[in-house]
Amino acid sequence: MTAEQRAWTADLYEYRWPGYAVEFPELKRRMGTGYASATSERLDAALTAALPEGARLTGVKAVSVEPTRVTLADQRVLTAGAVIDARGQRRTEHLDLGWQKFVGLEVETETPHRLAEPIIMDATVSQMDGYRFVYTLPLSADRLLIEDTYFSDGAEMGDEALKARILDYAAARGWTVKRVLREERGILPMAMGGNIGKLLAEAENGTPRIGLAAALFHPATGYSFSDAVRTADMIATLPDLRPATLADALDRHARATWRQRGFYRMLNVLLFRAARPDERYRVIRRFYKLDADLVARFYAGRSTAYDKLRTLIGKPPIPIPRAIRALANEWRKSWRR
Ligand SMILES: Cc1cc2nc3c(=O)[nH]c(=O)nc-3n(C[C@H](O)[C@H](O)[C@H](O)COP(=O)(O)OP(=O)(O)OC[C@H]3O[C@@H](n4cnc5c(N)ncnc54)[C@H](O)[C@@H]3O)c2cc1C
């Protein structure tokens, strides 16, 4: 995000750290790129403060949307100058996806855990169900968010087994868990291919979409926070908010974003389709040996042509013929889509 975007979203971040670490077999590295965590509570507070009294309606389902009208499950009909459909991810045949799935436990430790900065990938853990790593955020001296995470081919997840692995991980790190304060789970899409035109054409009654429903997420992480910020900024600069203006601008925005991200989708193909599950950590470890600014630009979705070349050249962690076969298969599928 730009400095301006970091500034206008500043109230959302409950936690900030000057850097973070990654750990792999034979590679431990601290990245000096700042890291921050926004919380639902902060977003809720910011929205409540920004919206006029009574403007927010929650806990009721929209059963149909149109460019200036929403019909709710309780038969109420809301009319508006313009409607944007932000109802999140749907099932679609127009995206080819792998999955980042995780269960997280926020825990209180018996004694101070002494972890100063996040470990966003600890891949020294046993590998299973694709690429596995543990993600840990130190929220206070005796509070941690620990997530057991998998980059997997399938979206199914056995939550209880993951929770048990989190507690085992905490014990192995020497953290005695006093109690579990909160749980979370996520199954985020990682895009390998698709047809953005057909995805956008699924819009209900031509109502423009934002968020995951418009494929506005980073293909390599499934994260969508910075895309949400960019989308909001883009809408705020439109000359007017008439339905046609919005539909046109959001369509162009989603298509342009999709086009810019072919490189990340290609890396996902290499990770999910060319690397065997037990080889995947090596692909990511190799990436983390690269320049810290390149890594930062990668996560921002702003890799330069040089970054892309640099990411691909060198001794490949997977055999080249297998990589070419995987890419050729994906291109064939995307062509048919
Ligand atoms: C535990 C967890 C951790 C995550 N961590 C990160 C992270 O660190 N960084 C990051 O960038 N992303 C993260 N993500 C992913 C991120 O939350 C999603 O990508 C993002 O929320 C998608 O935004 P969206 O607006 O497209 O959809 P959603 O956030 O899913 O919002 C859709 C909303 O529409 C509502 N809705 C759906 N259908 C209807 C209907 N018919 N009528 C009325 N309302 C409806 C839903 O209730 C929901 O509130 C995480 C996700 C989870 C679950």
# chains A, B, ... in the order shown; residues from 1 in each chain; ligands from 1
>>> residues_around(residues="range 87-96 of chain A", least_positions_apart="4", cutoff="10 Å", atoms="only C-alpha atoms", output="ChimeraX atom specification")
/A:61-62,188-200,202,209-215,265,269,330,333-334,337
>>> residues_near_ligand(ligand="ligand 1", cutoff="10 Å", atoms="only C-alpha atoms and all ligand atoms", output="PyMOL selection string")
chain A and resi 36-40+57-65+70-73+85-90+100-105+147+183-189+209-218+221-228
>>> atom_distance(atom1="CA of Thr207 in chain A", atom2="CA of Pro67 in chain A")
4.7 Å
>>> select_by_dssp(residues="range 40-202 of chain A", states="alpha helix (DSSP H)", output="VMD selection string")
chain A and resid 40 to 50 159 to 172 196 to 201
>>> closest_atom_pairs(of="range 71-140 of chain A", to="range 275-292 of chain A", cutoff="7 Å", atoms="only C-alpha atoms", output="JSON lines")
{"residue": "A:Ala123", "atom": "CA", "partner": "A:Tyr281", "partner_atom": "CA", "distance": 7.0}
{"residue": "A:Gln127", "atom": "CA", "partner": "A:Asp278", "partner_atom": "CA", "distance": 6.5}
{"residue": "A:Gly130", "atom": "CA", "partner": "A:Pro277", "partner_atom": "CA", "distance": 4.4}
{"residue": "A:Tyr131", "atom": "CA", "partner": "A:Arg280", "partner_atom": "CA", "distance": 5.5}
>>> write_last_selection(atoms="N, CA, C and O atoms", output="JSON list (two decimals), in the first residue's frame")
[["chain", "number", "residue", "atom", "x", "y", "z"],
["A", 123, "ALA", "N", 8.31, -23.40, 8.80],
["A", 123, "ALA", "CA", 8.12, -24.62, 8.01],
["A", 123, "ALA", "C", 9.09, -25.72, 8.45],
["A", 123, "ALA", "O", 9.33, -26.67, 7.72],
["A", 127, "GLN", "N", 5.91, -31.96, 7.45],
["A", 127, "GLN", "CA", 5.15, -31.57, 6.27],
["A", 127, "GLN", "C", 4.04, -32.57, 6.00],
["A", 127, "GLN", "O", 4.27, -33.78, 6.03],
["A", 130, "GLY", "N", 0.23, -31.12, 1.69],
["A", 130, "GLY", "CA", 0.78, -30.02, 0.89],
["A", 130, "GLY", "C", 1.92, -29.36, 1.63],
["A", 130, "GLY", "O", 2.71, -30.04, 2.30],
["A", 131, "TYR", "N", 1.98, -28.03, 1.57],
["A", 131, "TYR", "CA", 3.02, -27.29, 2.29],
["A", 131, "TYR", "C", 2.44, -26.86, 3.64],
["A", 131, "TYR", "O", 1.41, -26.21, 3.70]]
>>> select_by_dssp(residues="range 125-162 of chain A", states="strand (DSSP E)", output="PDB file with N, CA and C atoms, in the first residue's frame")
ATOM      1  N   TYR A 131       1.981 -28.034   1.568  1.00  0.00           N
ATOM      2  CA  TYR A 131       3.022 -27.293   2.290  1.00  0.00           C
ATOM      3  C   TYR A 131       2.441 -26.864   3.636  1.00  0.00           C
ATOM      4  N   ARG A 132       3.109 -27.269   4.705  1.00  0.00           N
ATOM      5  CA  ARG A 132       2.590 -26.920   6.030  1.00  0.00           C
ATOM      6  C   ARG A 132       3.547 -25.971   6.741  1.00  0.00           C
ATOM      7  N   PHE A 133       2.991 -24.986   7.420  1.00  0.00           N
ATOM      8  CA  PHE A 133       3.806 -24.124   8.274  1.00  0.00           C
ATOM      9  C   PHE A 133       2.958 -23.603   9.428  1.00  0.00           C
ATOM     10  N   VAL A 134       3.651 -23.085  10.426  1.00  0.00           N
ATOM     11  CA  VAL A 134       2.926 -22.483  11.558  1.00  0.00           C
ATOM     12  C   VAL A 134       3.208 -20.979  11.543  1.00  0.00           C
ATOM     13  N   TYR A 135       2.144 -20.208  11.774  1.00  0.00           N
ATOM     14  CA  TYR A 135       2.196 -18.743  11.736  1.00  0.00           C
ATOM     15  C   TYR A 135       1.908 -18.258  13.154  1.00  0.00           C
ATOM     16  N   THR A 136       2.809 -17.452  13.698  1.00  0.00           N
ATOM     17  CA  THR A 136       2.617 -17.017  15.090  1.00  0.00           C
ATOM     18  C   THR A 136       2.757 -15.504  15.219  1.00  0.00           C
ATOM     19  N   LEU A 137       1.776 -14.896  15.838  1.00  0.00           N
ATOM     20  CA  LEU A 137       1.851 -13.460  16.126  1.00  0.00           C
ATOM     21  C   LEU A 137       1.925 -13.266  17.645  1.00  0.00           C
ATOM     22  N   PRO A 138       2.938 -12.550  18.135  1.00  0.00           N
ATOM     23  CA  PRO A 138       2.966 -12.239  19.563  1.00  0.00           C
ATOM     24  C   PRO A 138       2.088 -11.012  19.826  1.00  0.00           C
ATOM     25  N   LEU A 139       0.953 -11.196  20.459  1.00  0.00           N
ATOM     26  CA  LEU A 139      -0.016 -10.098  20.613  1.00  0.00           C
ATOM     27  C   LEU A 139       0.246  -9.280  21.875  1.00  0.00           C
ATOM     28  N   SER A 140       0.802  -9.937  22.890  1.00  0.00           N
ATOM     29  CA  SER A 140       1.248  -9.232  24.093  1.00  0.00           C
ATOM     30  C   SER A 140       2.265 -10.145  24.763  1.00  0.00           C
ATOM     31  N   ARG A 143       0.399 -13.401  25.299  1.00  0.00           N
ATOM     32  CA  ARG A 143      -0.678 -13.784  24.373  1.00  0.00           C
ATOM     33  C   ARG A 143      -0.110 -14.015  22.981  1.00  0.00           C
ATOM     34  N   LEU A 144      -0.506 -15.130  22.376  1.00  0.00           N
ATOM     35  CA  LEU A 144      -0.024 -15.463  21.038  1.00  0.00           C
ATOM     36  C   LEU A 144      -1.198 -15.890  20.169  1.00  0.00           C
ATOM     37  N   LEU A 145      -1.130 -15.559  18.893  1.00  0.00           N
ATOM     38  CA  LEU A 145      -2.041 -16.179  17.923  1.00  0.00           C
ATOM     39  C   LEU A 145      -1.196 -17.191  17.158  1.00  0.00           C
ATOM     40  N   ILE A 146      -1.561 -18.454  17.241  1.00  0.00           N
ATOM     41  CA  ILE A 146      -0.780 -19.508  16.566  1.00  0.00           C
ATOM     42  C   ILE A 146      -1.693 -20.201  15.556  1.00  0.00           C
ATOM     43  N   GLU A 147      -1.252 -20.223  14.298  1.00  0.00           N
ATOM     44  CA  GLU A 147      -2.076 -20.833  13.255  1.00  0.00           C
ATOM     45  C   GLU A 147      -1.328 -21.970  12.574  1.00  0.00           C
ATOM     46  N   ASP A 148      -1.998 -23.104  12.488  1.00  0.00           N
ATOM     47  CA  ASP A 148      -1.449 -24.257  11.758  1.00  0.00           C
ATOM     48  C   ASP A 148      -1.990 -24.152  10.330  1.00  0.00           C
ATOM     49  N   THR A 149      -1.094 -24.001   9.357  1.00  0.00           N
ATOM     50  CA  THR A 149      -1.502 -23.601   8.000  1.00  0.00           C
ATOM     51  C   THR A 149      -1.012 -24.575   6.939  1.00  0.00           C
ATOM     52  N   TYR A 150      -1.825 -24.724   5.901  1.00  0.00           N
ATOM     53  CA  TYR A 150      -1.502 -25.654   4.808  1.00  0.00           C
ATOM     54  C   TYR A 150      -1.789 -24.988   3.476  1.00  0.00           C
ATOM     55  N   PHE A 151      -0.890 -25.131   2.521  1.00  0.00           N
ATOM     56  CA  PHE A 151      -1.187 -24.794   1.125  1.00  0.00           C
ATOM     57  C   PHE A 151      -1.536 -26.129   0.475  1.00  0.00           C
ATOM     58  N   SER A 152      -2.826 -26.357   0.243  1.00  0.00           N
ATOM     59  CA  SER A 152      -3.272 -27.698  -0.151  1.00  0.00           C
ATOM     60  C   SER A 152      -4.070 -27.689  -1.434  1.00  0.00           C
TER      61      SER A 152
END
>>> closest_residue(among="A:Asp153, A:Asp307, A:Glu117, A:Glu23", to="Phe263 in chain A", atoms="only C-alpha atoms")
A:Asp307
>>> atom_distance(atom1="CA of Ala116 in chain A", atom2="CA of Tyr20 in chain A")
9.0 Å
>>> residues_around(residues="Leu181 in chain A", least_positions_apart="5", cutoff="8 Å", atoms="only C-alpha atoms", output="ChimeraX atom specification")
/A:105-108
>>> closest_residue(among="A:Gly314, A:Pro319, A:Pro25, A:Gly262", to="Met121 in chain A", atoms="only C-alpha atoms")
A:Pro25
